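Peer 1: target_8.csv (CSV, C-alpha atoms and all ligand atoms) pasted underneath:
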chain,number,residue,atom,x,y,z
A,796,MET,CA,0.0,0.0,0.0
A,797,GLN,CA,1.3,3.4,-0.9
A,798,THR,CA,2.0,5.6,2.1
A,799,GLY,CA,4.8,7.9,0.9
A,800,LYS,CA,4.6,11.2,-0.9
A,801,PHE,CA,5.6,11.8,-4.5
A,802,VAL,CA,7.1,15.2,-5.3
A,803,THR,CA,8.4,16.2,-8.7
A,804,ILE,CA,10.7,19.1,-9.6
A,805,GLU,CA,10.3,20.6,-13.0
A,806,GLY,CA,11.7,23.6,-14.9
A,807,PRO,CA,13.5,24.7,-18.0
A,808,ASP,CA,17.1,23.6,-18.7
A,809,GLY,CA,19.4,25.5,-16.4
A,810,ALA,CA,16.7,26.3,-13.8
A,811,GLY,CA,19.1,24.8,-11.1
A,812,LYS,CA,16.9,21.8,-10.2
A,813,THR,CA,19.9,19.6,-9.3
A,814,THR,CA,21.3,22.1,-6.8
A,815,VAL,CA,17.9,22.9,-5.4
A,816,ILE,CA,17.2,19.2,-4.8
A,817,LYS,CA,20.6,18.7,-3.1
A,818,LYS,CA,20.1,21.6,-0.8
A,819,LEU,CA,16.5,20.8,-0.1
A,820,VAL,CA,17.4,17.3,1.0
A,821,GLU,CA,20.1,18.7,3.3
A,822,LYS,CA,17.6,21.1,4.9
A,823,LEU,CA,15.1,18.3,5.4
A,824,GLN,CA,17.7,16.1,6.9
A,825,ASP,CA,18.7,18.9,9.3
A,826,ARG,CA,15.1,18.8,10.5
A,827,GLY,CA,15.4,15.1,11.1
A,828,PHE,CA,13.5,14.1,8.0
A,829,ASN,CA,15.5,11.1,6.7
A,830,HIS,CA,13.0,9.0,4.9
A,831,ILE,CA,13.8,10.6,1.5
A,832,PHE,CA,14.5,9.0,-1.9
A,833,THR,CA,15.8,11.3,-4.6
A,834,THR,CA,16.0,10.3,-8.2
A,835,ARG,CA,15.8,11.7,-11.7
A,836,GLU,CA,14.3,11.3,-15.1
A,837,PRO,CA,15.1,10.2,-17.7
A,838,GLY,CA,17.1,7.6,-15.8
A,839,GLY,CA,17.2,6.6,-12.2
A,840,SER,CA,17.4,2.9,-12.8
A,841,ALA,CA,19.9,0.9,-14.9
A,842,ILE,CA,17.5,0.3,-17.8
A,843,SER,CA,16.2,3.9,-17.8
A,844,GLU,CA,19.7,5.3,-17.7
A,845,GLN,CA,20.5,3.3,-20.9
A,846,ILE,CA,17.4,4.8,-22.5
A,847,ARG,CA,18.5,8.2,-21.3
A,848,HIS,CA,21.8,7.7,-23.1
A,849,VAL,CA,20.0,6.9,-26.4
A,850,ILE,CA,17.7,9.9,-26.1
A,851,LEU,CA,20.3,12.5,-25.2
A,852,ASP,CA,23.2,11.3,-27.4
A,853,VAL,CA,24.2,14.3,-29.6
A,854,GLU,CA,24.9,11.8,-32.4
A,855,ASN,CA,21.2,10.8,-32.6
A,856,THR,CA,20.2,13.7,-34.8
A,857,ALA,CA,17.9,11.5,-36.8
A,858,MET,CA,15.6,10.8,-33.9
A,859,ASP,CA,12.0,11.3,-34.7
A,860,ALA,CA,9.9,13.4,-32.2
A,861,ARG,CA,7.4,10.6,-31.5
A,862,THR,CA,10.2,8.1,-31.0
A,863,GLU,CA,11.7,10.6,-28.5
A,864,ALA,CA,8.3,10.9,-26.7
A,865,LEU,CA,8.0,7.1,-26.6
A,866,LEU,CA,11.5,6.6,-25.2
A,867,TYR,CA,10.9,9.2,-22.4
A,868,ALA,CA,7.6,7.3,-21.6
A,869,ALA,CA,9.4,4.0,-21.6
A,870,ALA,CA,12.2,5.2,-19.3
A,871,ARG,CA,9.5,6.7,-17.1
A,872,ARG,CA,7.6,3.4,-16.8
A,873,GLN,CA,10.7,1.3,-16.0
A,874,HIS,CA,11.9,3.8,-13.4
A,875,LEU,CA,8.4,4.2,-11.8
A,876,VAL,CA,8.0,0.4,-11.4
A,877,GLU,CA,11.6,-0.3,-10.3
A,878,LYS,CA,12.2,2.6,-8.0
A,879,VAL,CA,9.4,5.1,-7.4
A,880,ILE,CA,6.6,2.7,-6.5
A,881,PRO,CA,8.7,0.6,-4.1
A,882,ALA,CA,10.0,3.8,-2.3
A,883,LEU,CA,6.4,5.1,-2.0
A,884,ASP,CA,5.3,1.7,-0.6
A,885,GLU,CA,8.0,2.0,2.0
A,886,GLY,CA,6.5,5.4,3.0
A,887,LYS,CA,9.4,7.5,1.6
A,888,LEU,CA,9.2,11.0,0.4
A,889,VAL,CA,10.2,10.6,-3.3
A,890,ILE,CA,11.7,13.7,-4.9
A,891,CYS,CA,12.1,13.2,-8.6
A,892,ASP,CA,13.9,15.6,-10.9
A,893,ARG,CA,11.4,15.8,-13.8
A,894,PHE,CA,8.4,13.7,-14.7
A,895,ILE,CA,5.4,13.8,-16.9
A,896,ASP,CA,5.2,17.6,-17.1
A,897,SER,CA,8.5,17.6,-18.9
A,898,SER,CA,7.1,15.3,-21.6
A,899,LEU,CA,4.1,17.6,-22.0
A,900,ALA,CA,6.3,20.7,-22.3
A,901,TYR,CA,9.2,19.4,-24.4
A,902,GLN,CA,7.6,16.8,-26.6
A,903,GLY,CA,4.0,18.2,-26.5
A,904,ILE,CA,4.4,21.9,-26.8
A,905,ALA,CA,8.0,22.5,-28.0
A,906,ARG,CA,8.1,19.5,-30.4
A,907,ASN,CA,4.5,20.2,-31.4
A,908,ILE,CA,3.0,16.8,-30.8
A,909,PRO,CA,-0.7,17.0,-29.7
A,910,THR,CA,-0.6,17.0,-25.9
A,911,ALA,CA,-3.6,14.6,-25.9
A,912,ASP,CA,-1.2,12.0,-27.5
A,913,ILE,CA,1.5,12.8,-25.0
A,914,TRP,CA,-1.0,12.2,-22.2
A,915,ALA,CA,-2.2,9.0,-23.8
A,916,ILE,CA,1.3,7.3,-24.0
A,917,ASN,CA,2.1,8.6,-20.5
A,918,HIS,CA,-1.1,7.4,-19.0
A,919,PHE,CA,-0.2,4.0,-20.4
A,920,ALA,CA,3.3,4.4,-18.7
A,921,ILE,CA,2.3,5.7,-15.3
A,922,GLU,CA,-1.3,4.6,-14.9
A,923,ASP,CA,-2.6,6.7,-11.9
A,924,TYR,CA,0.8,7.6,-10.4
A,925,LEU,CA,0.6,11.4,-10.6
A,926,PRO,CA,2.8,13.5,-8.2
A,927,ASP,CA,1.2,14.8,-5.0
A,928,LEU,CA,3.0,18.1,-5.6
A,929,THR,CA,5.1,19.5,-8.4
A,930,LEU,CA,7.6,22.4,-7.7
A,931,LEU,CA,8.2,24.4,-10.9
A,932,ILE,CA,11.5,26.1,-10.6
A,933,ASP,CA,11.1,28.9,-13.1
A,934,VAL,CA,13.8,30.9,-14.9
A,935,PRO,CA,13.6,32.8,-18.2
A,936,ALA,CA,14.9,30.6,-21.0
A,937,GLU,CA,17.9,33.0,-21.6
A,938,VAL,CA,18.9,32.7,-18.0
A,939,GLY,CA,18.8,28.9,-18.0
A,940,LEU,CA,20.8,28.7,-21.3
A,941,GLU,CA,23.3,31.2,-20.0
A,942,ARG,CA,23.8,29.1,-16.9
A,943,ILE,CA,24.4,25.9,-19.0
A,944,TYR,CA,26.8,27.7,-21.2
A,945,THR,CA,28.9,29.4,-18.5
A,946,ALA,CA,32.2,27.7,-17.6
A,947,LYS,CA,31.3,27.6,-13.9
A,948,ASN,CA,28.3,25.3,-14.4
A,949,GLN,CA,29.7,23.5,-17.4
A,950,ARG,CA,28.3,20.0,-18.0
A,951,GLN,CA,28.2,18.0,-21.1
A,952,PHE,CA,25.7,19.4,-23.6
A,953,ASP,CA,23.0,16.9,-24.5
A,954,ARG,CA,20.9,16.7,-27.6
A,955,LEU,CA,18.0,18.7,-26.0
A,956,ASP,CA,20.4,21.4,-24.6
A,957,GLN,CA,21.4,22.1,-28.2
A,958,GLU,CA,18.0,23.3,-29.2
A,959,GLY,CA,17.8,27.0,-29.8
A,960,LEU,CA,16.3,29.8,-27.7
A,961,ASP,CA,12.9,29.6,-29.4
A,962,PHE,CA,12.5,25.9,-28.3
A,963,HIS,CA,13.5,26.7,-24.7
A,964,ASN,CA,11.1,29.6,-24.7
A,965,LEU,CA,8.3,27.3,-25.7
A,966,VAL,CA,9.2,24.9,-22.9
A,967,ARG,CA,9.3,27.7,-20.3
A,968,ASN,CA,6.0,29.1,-21.4
A,969,ALA,CA,4.4,25.7,-21.4
A,970,PHE,CA,5.4,25.1,-17.8
A,971,LEU,CA,4.0,28.4,-16.8
A,972,ALA,CA,0.7,27.6,-18.5
A,973,PHE,CA,0.5,24.2,-16.8
A,974,GLU,CA,1.1,25.9,-13.5
A,975,LYS,CA,-2.0,28.1,-14.1
A,976,GLU,CA,-4.1,25.1,-15.0
A,977,GLU,CA,-3.1,22.6,-12.4
A,978,ASP,CA,-3.4,22.9,-8.6
A,979,ARG,CA,-0.8,20.2,-8.2
A,980,ILE,CA,1.9,22.5,-9.7
A,981,VAL,CA,3.3,25.5,-7.8
A,982,LEU,CA,5.6,28.2,-9.1
A,983,ILE,CA,9.0,28.9,-7.5
A,984,ASN,CA,11.1,31.8,-8.6
A,985,GLY,CA,14.4,30.2,-9.6
A,986,GLU,CA,16.1,33.6,-10.2
A,987,GLN,CA,16.5,34.1,-6.4
A,988,ALA,CA,19.5,33.2,-4.4
A,989,ILE,CA,19.6,29.4,-3.8
A,990,ASP,CA,18.8,29.6,-0.1
A,991,ALA,CA,15.6,31.6,-0.9
A,992,VAL,CA,14.6,29.1,-3.6
A,993,VAL,CA,15.0,26.2,-1.1
A,994,ALA,CA,13.1,28.1,1.6
A,995,ASP,CA,10.2,28.6,-0.9
A,996,CYS,CA,10.2,24.9,-1.7
A,997,ILE,CA,10.0,24.0,2.0
A,998,LYS,CA,7.1,26.5,2.5
A,999,GLU,CA,5.2,24.8,-0.3
A,1000,LEU,CA,6.0,21.3,1.0
A,1001,GLU,CA,4.6,22.4,4.4
A,1002,LYS,CA,1.6,24.1,2.9
A,1003,HIS,CA,0.6,21.0,0.9
A,1004,GLN,CA,1.2,18.8,3.9
A,1005,ILE,CA,4.0,16.9,2.2
A,1006,ILE,CA,6.2,17.3,5.3
B,1,LIG,P1,17.9,16.9,-17.4
B,1,LIG,O1,18.9,17.9,-18.0
B,1,LIG,O2,17.0,17.6,-16.4
B,1,LIG,O3,18.6,15.7,-16.8
B,1,LIG,O4,17.0,16.4,-18.5
B,1,LIG,C1,17.5,16.0,-19.7
B,1,LIG,C2,16.7,16.6,-20.9
B,1,LIG,O5,15.6,15.8,-21.2
B,1,LIG,C3,16.3,18.0,-20.6
B,1,LIG,O6,16.6,18.8,-21.7
B,1,LIG,C4,14.8,17.9,-20.5
B,1,LIG,C5,14.5,16.6,-21.4
B,1,LIG,N1,13.3,15.9,-21.1
B,1,LIG,C6,12.2,15.8,-22.0
B,1,LIG,O7,12.4,16.4,-23.1
B,1,LIG,N2,11.1,15.1,-21.8
B,1,LIG,C7,11.0,14.4,-20.6
B,1,LIG,O8,9.9,13.8,-20.4
B,1,LIG,C8,12.0,14.5,-19.6
B,1,LIG,C9,11.9,13.7,-18.3
B,1,LIG,C10,13.2,15.2,-19.9
The structure given in the file should be rewritten as C-alpha cells.

Peer 2:
Amino acid sequence: MQTGKFVTIEGPDGAGKTTVIKKLVEKLQDRGFNHIFTTREPGGSAISEQIRHVILDVENTAMDARTEALLYAAARRQHLVEKVIPALDEGKLVICDRFIDSSLAYQGIARNIPTADIWAINHFAIEDYLPDLTLLIDVPAEVGLERIYTAKNQRQFDRLDQEGLDFHNLVRNAFLAFEKEEDRIVLINGEQAIDAVVADCIKELEKHQII
C-alpha cells in the first residue's frame, strides 16, 4: 500500500533543479526528516539510464519526435516500477527531478506533438501515479541557457540542450501555462539566491502537507 509522498521538480534547462534538490534534502535532513528518496528522469534505474543515453546522445540527430516521446515514456515506466513505487510503498518522500510535465512541455508543446497524444502514452506508462506536488523552478529561457553555457556550471551538452532559444522559450511558457491550469503545480522563482529558492520549496511542502 502506498504511504509515501511523490514530489516532482520541474523547470526549463538551467533552472538549477539539481542544486535545489541537493540543498532541499540537506535542509530536510537537518530537521530530522531522513526517509527521502531522490531520483531523476530520464534515468534513475539501470535500464532507464540506458534509455537516457540513447535519447540525449548528440549523435542521434535522426531521432523522430514521436520516437523521442515514446522513449521518455518507456524510461518513465521502468523507473516508476523499479524505483518510485517501491519507495512510496516504503513510506518514503520521493523527490524526482522531472516527470510527466517535462514530456508535455518538451515533446508536446515544444516539439508540437498534440498534448492529448503525450497524455495517452504517458497514461499507459504511469497509470494513476501522478505526483502529489510539483515544484516548478522557473527561470527565463535565456537565464537557463546562459547558466548551462557558463564555464562555472559546465556540464556535457546533451541533444536537448542544443535546441535554440525559441525551443527553450516554448518549454518555459508551457510550464508556466501548466502551473496556471493545475493545482498540483506550484511556481517557485528560480532567479532568487539558492537559499531563498530552497526556503520557498520548503514552504510549499509544508503548505501542501507533504512534510
Ligand atoms: P535533465 O537535463 O533535467 O537531466 O533532463 C534531460 C533533458 O531531457 C532535458 O533537456 C529535458 C528533457 N526531457 C524531455 O524532453 N522530456 C521528458 O519527459 C524528460 C523527463 C526530460

Peer 1: What are the closest atom pairs, with distances in Å to one decimal, for each residue of chain A lying within 10 Å of ligand LIG 1 (chain B), using only C-alpha atoms and all ligand atoms, rows by chain and rising residue number, as a Markdown table?

Peer 2:
| residue | atom | partner | partner_atom | distance |
| --- | --- | --- | --- | --- |
| A:Ile804 | CA | B:LIG1 | O2 | 9.4 |
| A:Glu805 | CA | B:LIG1 | O2 | 8.1 |
| A:Gly806 | CA | B:LIG1 | O2 | 8.1 |
| A:Pro807 | CA | B:LIG1 | C4 | 7.4 |
| A:Asp808 | CA | B:LIG1 | O6 | 5.7 |
| A:Gly809 | CA | B:LIG1 | O1 | 7.8 |
| A:Ala810 | CA | B:LIG1 | O2 | 9.1 |
| A:Gly811 | CA | B:LIG1 | O2 | 9.2 |
| A:Lys812 | CA | B:LIG1 | O2 | 7.5 |
| A:Thr813 | CA | B:LIG1 | O2 | 7.9 |
| A:Arg835 | CA | B:LIG1 | O3 | 7.1 |
| A:Glu836 | CA | B:LIG1 | C9 | 4.7 |
| A:Pro837 | CA | B:LIG1 | C9 | 4.8 |
| A:Gly838 | CA | B:LIG1 | O3 | 8.3 |
| A:Arg847 | CA | B:LIG1 | C1 | 8.0 |
| A:His848 | CA | B:LIG1 | C1 | 9.9 |
| A:Ile850 | CA | B:LIG1 | O5 | 8.0 |
| A:Leu851 | CA | B:LIG1 | C2 | 6.9 |
| A:Ala860 | CA | B:LIG1 | O7 | 9.9 |
| A:Glu863 | CA | B:LIG1 | O7 | 8.0 |
| A:Ala864 | CA | B:LIG1 | N2 | 7.0 |
| A:Leu865 | CA | B:LIG1 | O8 | 9.3 |
| A:Leu866 | CA | B:LIG1 | O8 | 8.8 |
| A:Tyr867 | CA | B:LIG1 | O8 | 5.1 |
| A:Ala868 | CA | B:LIG1 | O8 | 7.0 |
| A:Ala869 | CA | B:LIG1 | O8 | 9.9 |
| A:Ala870 | CA | B:LIG1 | C9 | 8.6 |
| A:Arg871 | CA | B:LIG1 | C9 | 7.5 |
| A:Cys891 | CA | B:LIG1 | C9 | 9.7 |
| A:Asp892 | CA | B:LIG1 | O2 | 6.6 |
| A:Arg893 | CA | B:LIG1 | C9 | 5.0 |
| A:Phe894 | CA | B:LIG1 | C9 | 5.0 |
| A:Ile895 | CA | B:LIG1 | O8 | 5.7 |
| A:Asp896 | CA | B:LIG1 | O8 | 6.9 |
| A:Ser897 | CA | B:LIG1 | O8 | 4.3 |
| A:Ser898 | CA | B:LIG1 | O8 | 3.4 |
| A:Leu899 | CA | B:LIG1 | O8 | 7.1 |
| A:Ala900 | CA | B:LIG1 | N2 | 7.4 |
| A:Tyr901 | CA | B:LIG1 | O7 | 4.6 |
| A:Gln902 | CA | B:LIG1 | O7 | 6.0 |
| A:Gly903 | CA | B:LIG1 | N2 | 9.1 |
| A:Ala905 | CA | B:LIG1 | O7 | 9.0 |
| A:Arg906 | CA | B:LIG1 | O7 | 9.0 |
| A:Ile913 | CA | B:LIG1 | O8 | 9.6 |
| A:Asn917 | CA | B:LIG1 | O8 | 9.4 |
| A:Ile943 | CA | B:LIG1 | O1 | 9.8 |
| A:Arg950 | CA | B:LIG1 | O1 | 9.6 |
| A:Gln951 | CA | B:LIG1 | O1 | 9.8 |
| A:Phe952 | CA | B:LIG1 | O1 | 8.9 |
| A:Asp953 | CA | B:LIG1 | O6 | 7.2 |
| A:Arg954 | CA | B:LIG1 | O6 | 7.6 |
| A:Leu955 | CA | B:LIG1 | O6 | 4.5 |
| A:Asp956 | CA | B:LIG1 | O6 | 5.4 |
| A:Gln957 | CA | B:LIG1 | O6 | 8.7 |
| A:Glu958 | CA | B:LIG1 | O6 | 8.9 |
| A:His963 | CA | B:LIG1 | O6 | 9.0 |
| A:Val966 | CA | B:LIG1 | O7 | 9.1 |

Peer 1: Pick the closest to Leu965 in chain A from A:Asp978, A:Ile904, A:His1003, A:Val992: which is it, counting only C-alpha atoms?

Peer 2: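 The closest residue to Leu965 in chain A is A:Ile904.
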
Peer 1: I'd like the interatomic distance between CA of Lys800 in chain A and CA of Gly939 in chain A, to a tenth of an Å.

Peer 2: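 For CA of Lys800 in chain A relative to CA of Gly939 in chain A, the distance reads 28.4 Å.
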
Peer 1: Just the number, please: distance in Å from CA of Asp825 in chain A to CA of Val879 in chain A, one decimal.

Peer 2: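 Between these atoms lies a distance of 23.6 Å.
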
Peer 1: With all atoms listed in the file as the atoms that count, which of A:Arg826, A:Leu930, A:Lys975, A:Gly985 lies nearest to Arg942 in chain A?

Peer 2: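 Selected residue with least distance to Arg942 in chain A: A:Gly985.
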
Peer 1: For a quick check of understanding, using all atoms listed in the file, which of A:Leu875, A:Leu925, A:Ala882, A:Leu982 has the smallest distance to Gln797 in chain A?

Peer 2: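 Checking each candidate against Gln797 in chain A, we get A:Ala882 as the closest.
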
Peer 1: Which residue is closest to Asn968 in chain A? Choose from A:Asp933, A:Glu844, A:Glu1001, A:Glu941 and count all atoms listed in the file.

Peer 2: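 Of A:Asp933, A:Glu844, A:Glu1001, A:Glu941, the one nearest Asn968 in chain A, counting all atoms listed in the file, is A:Asp933.
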
Peer 1: Would you mind telling me which residue in A:His874, A:Leu888, A:Phe801, A:Thr814 lies nearest to Ile989 in chain A when using all atoms listed in the file?

Peer 2: A:Thr814

Peer 1: When you count all atoms listed in the file, which of these residues is closest to Gly886 in chain A: A:Leu1000, A:Leu960, A:Ile921, A:Ile831?

Peer 2: A:Ile831

Peer 1: To one decimal place, how far is CA of Glu877 in chain A from CA of Thr929 in chain A in Å?

Peer 2: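 If I compute the distance from CA of Glu877 in chain A to CA of Thr929 in chain A, I get 20.9 Å.
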
Peer 1: Within 7 Å of (8.7, 33.1, -21.7) in the file's own coordinates, which protein, DNA or RNA residues have an atom, counting only C-alpha atoms? List them as number ranges by chain.

Peer 2: A: 935-936, 964, 967-968

Peer 1: All heavy atoms are needed for range 830-841 of chain A; please write them out as a compact mmCIF listing (two decimals), in the frame of the given file.

Peer 2:
# COMPACT_ATOMS: atom_id res chain seq x y z
N HIS A 830 13.65 10.01 5.71
CA HIS A 830 13.00 9.00 4.90
C HIS A 830 12.77 9.54 3.46
O HIS A 830 11.62 9.69 3.05
CB HIS A 830 11.72 8.56 5.55
CG HIS A 830 11.53 7.08 5.56
ND1 HIS A 830 12.52 6.18 5.86
CD2 HIS A 830 10.42 6.33 5.30
CE1 HIS A 830 12.04 4.96 5.77
NE2 HIS A 830 10.77 5.02 5.44
N ILE A 831 13.89 9.89 2.78
CA ILE A 831 13.80 10.60 1.50
C ILE A 831 14.46 9.74 0.40
O ILE A 831 15.54 9.21 0.64
CB ILE A 831 14.42 11.96 1.52
CG1 ILE A 831 13.86 12.81 2.66
CG2 ILE A 831 14.25 12.68 0.19
CD1 ILE A 831 14.62 14.10 2.89
N PHE A 832 13.84 9.66 -0.76
CA PHE A 832 14.50 9.00 -1.90
C PHE A 832 14.52 10.02 -3.05
O PHE A 832 13.47 10.47 -3.51
CB PHE A 832 13.69 7.76 -2.31
CG PHE A 832 14.19 7.11 -3.57
CD1 PHE A 832 15.48 6.58 -3.63
CD2 PHE A 832 13.39 7.05 -4.70
CE1 PHE A 832 15.95 5.98 -4.80
CE2 PHE A 832 13.84 6.44 -5.87
CZ PHE A 832 15.12 5.91 -5.92
N THR A 833 15.74 10.41 -3.47
CA THR A 833 15.80 11.30 -4.60
C THR A 833 16.24 10.59 -5.85
O THR A 833 17.05 9.66 -5.79
CB THR A 833 16.87 12.47 -4.34
OG1 THR A 833 18.13 11.88 -4.09
CG2 THR A 833 16.46 13.34 -3.18
N THR A 834 15.67 11.01 -6.93
CA THR A 834 16.00 10.30 -8.20
C THR A 834 15.73 11.28 -9.36
O THR A 834 15.40 12.44 -9.14
CB THR A 834 15.10 9.03 -8.28
OG1 THR A 834 15.49 8.29 -9.42
CG2 THR A 834 13.61 9.34 -8.33
N ARG A 835 15.95 10.80 -10.57
CA ARG A 835 15.80 11.70 -11.70
C ARG A 835 15.25 10.98 -12.93
O ARG A 835 15.34 9.76 -13.06
CB ARG A 835 17.15 12.30 -12.09
CG ARG A 835 18.09 11.28 -12.73
CD ARG A 835 19.17 11.97 -13.52
NE ARG A 835 20.10 11.01 -14.12
CZ ARG A 835 21.18 11.36 -14.77
NH1 ARG A 835 21.51 12.63 -14.88
NH2 ARG A 835 21.97 10.46 -15.32
N GLU A 836 14.73 11.77 -13.83
CA GLU A 836 14.30 11.30 -15.10
C GLU A 836 14.93 12.14 -16.23
O GLU A 836 15.17 13.32 -15.99
CB GLU A 836 12.78 11.45 -15.27
CG GLU A 836 11.98 10.38 -14.61
CD GLU A 836 10.59 10.31 -15.23
OE1 GLU A 836 10.29 11.09 -16.16
OE2 GLU A 836 9.81 9.49 -14.80
N PRO A 837 15.15 11.63 -17.43
CA PRO A 837 15.10 10.20 -17.70
C PRO A 837 16.26 9.53 -17.02
O PRO A 837 17.34 10.10 -16.95
CB PRO A 837 15.20 10.14 -19.24
CG PRO A 837 15.96 11.37 -19.63
CD PRO A 837 15.58 12.41 -18.62
N GLY A 838 16.05 8.36 -16.50
CA GLY A 838 17.10 7.60 -15.80
C GLY A 838 16.62 7.09 -14.50
O GLY A 838 15.47 6.72 -14.35
N GLY A 839 17.53 7.05 -13.54
CA GLY A 839 17.20 6.60 -12.20
C GLY A 839 17.14 5.15 -11.94
O GLY A 839 17.01 4.71 -10.81
N SER A 840 17.25 4.36 -13.00
CA SER A 840 17.40 2.90 -12.80
C SER A 840 18.31 2.47 -14.01
O SER A 840 18.44 3.20 -15.00
CB SER A 840 16.07 2.18 -12.92
OG SER A 840 15.62 2.10 -14.26
N ALA A 841 18.90 1.28 -13.90
CA ALA A 841 19.90 0.90 -14.90
C ALA A 841 19.30 0.92 -16.33
O ALA A 841 19.89 1.50 -17.25
CB ALA A 841 20.42 -0.51 -14.58
